[in-house]
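As provided, upload.cif (mmCIF, C-alpha atoms) reads as follows.
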```cif
data_work
loop_
_atom_site.label_atom_id
_atom_site.label_comp_id
_atom_site.auth_asym_id
_atom_site.auth_seq_id
_atom_site.Cartn_x
_atom_site.Cartn_y
_atom_site.Cartn_z
CA MET T 1 68.77 105.27 -19.82
CA ARG T 2 71.24 103.75 -22.27
CA THR T 3 70.72 100.82 -24.64
CA SER T 4 72.66 98.43 -22.41
CA ASP T 5 70.40 99.31 -19.45
CA ILE T 6 67.25 98.61 -21.50
CA LEU T 7 68.64 95.30 -22.76
CA LYS T 8 69.47 94.15 -19.22
CA LYS T 9 66.27 95.32 -17.53
CA LEU T 10 63.82 94.03 -20.14
CA ASN T 11 65.84 91.08 -21.44
CA ILE T 12 64.90 92.17 -24.97
CA PRO T 13 67.15 91.34 -27.93
CA ARG T 14 69.05 94.30 -29.36
CA HIS T 15 67.66 93.73 -32.86
CA LYS T 16 64.08 93.81 -31.50
CA LEU T 17 64.78 97.06 -29.66
CA TYR T 18 66.16 98.66 -32.82
CA TYR T 19 63.26 97.30 -34.87
CA LEU T 20 60.75 98.98 -32.55
CA GLU T 21 62.72 102.20 -32.91
CA GLN T 22 62.79 101.84 -36.71
CA LYS T 23 58.99 101.39 -36.75
CA GLY T 24 58.63 104.63 -34.75
CA TYR T 25 57.21 103.02 -31.61
CA ILE T 26 59.90 104.73 -29.53
CA LYS T 27 62.11 107.72 -30.25
CA PRO T 28 65.27 107.72 -28.15
CA ARG T 29 67.45 110.82 -28.10
CA ARG T 30 70.66 110.42 -30.10
CA ILE T 31 73.87 111.57 -28.42
CA PRO T 32 76.92 112.02 -30.69
CA MET T 33 80.01 110.22 -29.41
CA GLY T 34 82.76 110.77 -31.93
CA GLU T 35 81.79 108.95 -35.11
CA LEU T 36 79.08 106.97 -33.32
CA GLU T 37 75.82 107.88 -31.66
CA ALA T 38 74.54 106.62 -28.32
CA ARG T 39 70.84 106.29 -27.67
CA GLU T 40 69.30 107.80 -24.55
CA TYR T 41 65.88 106.39 -23.67
CA SER T 42 63.42 108.42 -21.60
CA GLU T 43 61.39 106.97 -18.75
CA GLU T 44 58.36 107.11 -21.07
CA ASP T 45 60.28 105.11 -23.72
CA PHE T 46 61.19 102.53 -21.08
CA LYS T 47 57.61 102.12 -19.85
CA LYS T 48 56.33 101.85 -23.41
CA LEU T 49 59.01 99.28 -24.30
CA GLU T 50 58.29 97.28 -21.18
CA LEU T 51 54.60 96.98 -22.08
CA ILE T 52 55.16 96.37 -25.79
CA TRP T 53 57.67 93.64 -24.98
CA LYS T 54 55.23 92.07 -22.51
CA TYR T 55 52.54 91.86 -25.20
CA LEU T 56 54.97 90.64 -27.88
CA GLN T 57 56.09 87.84 -25.57
CA SER T 58 52.42 86.95 -25.04
CA GLY T 59 52.07 86.38 -28.78
CA PHE T 60 50.51 89.64 -29.99
CA LYS T 61 51.55 91.17 -33.33
CA HIS T 62 53.57 94.40 -33.23
CA LYS T 63 50.71 96.79 -34.04
CA ILE T 64 48.38 95.18 -31.51
CA ALA T 65 51.14 95.11 -28.87
CA LEU T 66 51.65 98.85 -29.41
CA GLN T 67 47.90 99.55 -29.19
CA LYS T 68 47.52 97.55 -25.98
CA ALA T 69 50.61 99.20 -24.47
CA MET T 70 49.27 102.68 -25.29
CA GLU T 71 45.86 101.82 -23.82
CA GLU T 72 47.51 100.59 -20.65
CA LEU T 73 49.68 103.71 -20.41
CA GLN T 74 46.71 106.03 -20.91
CA SER T 75 44.17 104.27 -18.70
CA PRO T 76 44.11 105.25 -15.04
CA LYS T 77 45.30 102.49 -12.79
CA LEU T 78 43.06 101.18 -10.04
CA SER T 79 44.54 101.47 -6.60
CA LEU T 80 45.12 98.30 -4.63
CA GLN T 81 42.32 99.32 -2.31
CA GLU T 82 39.83 99.58 -5.19
CA GLN T 83 41.00 96.29 -6.65
CA ASN T 84 40.55 94.51 -3.32
CA GLN T 85 37.05 95.86 -2.66
CA LYS T 86 34.98 93.03 -3.98
CA PRO T 87 31.42 92.45 -2.84
CA ASP T 88 31.09 89.88 -0.12
CA LEU T 89 28.34 87.63 -1.42
CA ALA T 90 28.09 85.68 1.83
CA ARG T 91 27.14 88.80 3.79
CA PRO T 92 23.61 90.19 3.20
CA ASN T 93 23.34 93.75 1.94
CA PRO T 94 21.76 95.86 4.72
CA ASN T 95 20.35 98.31 2.14
CA LEU T 96 18.09 95.69 0.61
CA ALA T 97 14.74 94.85 2.19
CA PRO T 98 14.60 91.26 3.37
CA GLY T 99 12.52 88.91 1.28
CA PRO T 100 9.59 87.04 2.79
CA ASN T 101 10.58 84.06 4.86
CA LYS T 102 8.68 80.83 4.53
CA SER T 103 6.20 81.52 7.35
CA GLU T 104 5.26 84.96 5.93
CA PHE T 105 4.86 83.47 2.47
CA ASP T 106 2.63 80.68 3.76
CA LEU T 107 0.46 83.16 5.68
CA LYS T 108 -0.26 85.19 2.55
CA ARG T 109 -1.66 82.19 0.67
#
```
Representation of the structure as structure tokens:
Amino acid sequence: MRTSDILKKLNIPRHKLYYLEQKGYIKPRRIPMGELEAREYSEEDFKKLELIWKYLQSGFKHKIALQKAMEELQSPKLSLQEQNQKPDLARPNPNLAPGPNKSEFDLKR
């Protein structure tokens, strides 16, 4: 992916992209083109940039944004099914023994 693609997809300023590269957060491949060099970003670079940029826009400092992005990249994602499986508190759990109802409680006294 070229620089122009990254700039369009992430809506990140060019100077910010180059700053992140200068700090070593990403390492695009350099492709000689005459006297100039083009940058080729890997899919991993793109994902990392996307997350770093998200955290920077949320107000995090650069180092913290990088840490959070790396944590998110390394942590396994929950599937939608796992995320949607929340306990239904209105429904009683059949595995639990029922508590004494009022009449049973009164009889024991």
Q: Using only C-alpha atoms, find the one residue out of T:Ile52, T:Leu20, T:Ala65, T:Ala38 that sits nearest to Thr3 in chain T.
A: T:Ala38
**Q.** the PyMOL selection byres ((chain T and resi 5-10) around 9) resolved against shown file, as a list in words
**A.** Met1, Arg2, Thr3, Ser4, Asn11, Ile12, Pro13, Arg14, Leu17, Tyr41, Phe46, Leu49, Glu50 and Trp53 of chain T
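Going from CA of Gln57 in chain T to CA of Ile31 in chain T covers 29.8 Å.
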Q: Within 9 Å of Ser42 in chain T, counting all atoms listed in the file, which residues show up once you throw out same-chain ones fewer than 5 positions away? Write them as an NGL selection string, please.
A: :T and (1 or 27-29 or 47)
Q) Closest to Ala69 in chain T among T:Tyr25, T:Glu40, T:Gly34, T:Tyr19, using only C-alpha atoms? A)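 Smallest separation from Ala69 in chain T among the options: T:Tyr25.
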Q: Give me, please, the distance in Å between CA of His62 in chain T and CA of Glu43 in chain T, quoted to one decimal.
A: 20.7 Å
Q: Could you please determine the separation between CA of Glu71 in chain T and CA of Tyr55 in chain T in Å, to one decimal place?
A: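 Spanning CA of Glu71 in chain T to CA of Tyr55 in chain T is a straight-line distance of 12.1 Å.
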Q) With distances taken over only C-alpha atoms, which of T:Leu73, T:Met33, T:Ile26, T:Ile64 is nearest to Asp45 in chain T? A) T:Ile26
Q.
So, with all atoms listed in the file as the atoms that count, which of T:Gln67, T:Leu36, T:Phe60, T:Lys23 lies closest to Lys48 in chain T?
A.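 Comparing T:Gln67, T:Leu36, T:Phe60, T:Lys23 against Lys48 in chain T, the winner is T:Gln67.
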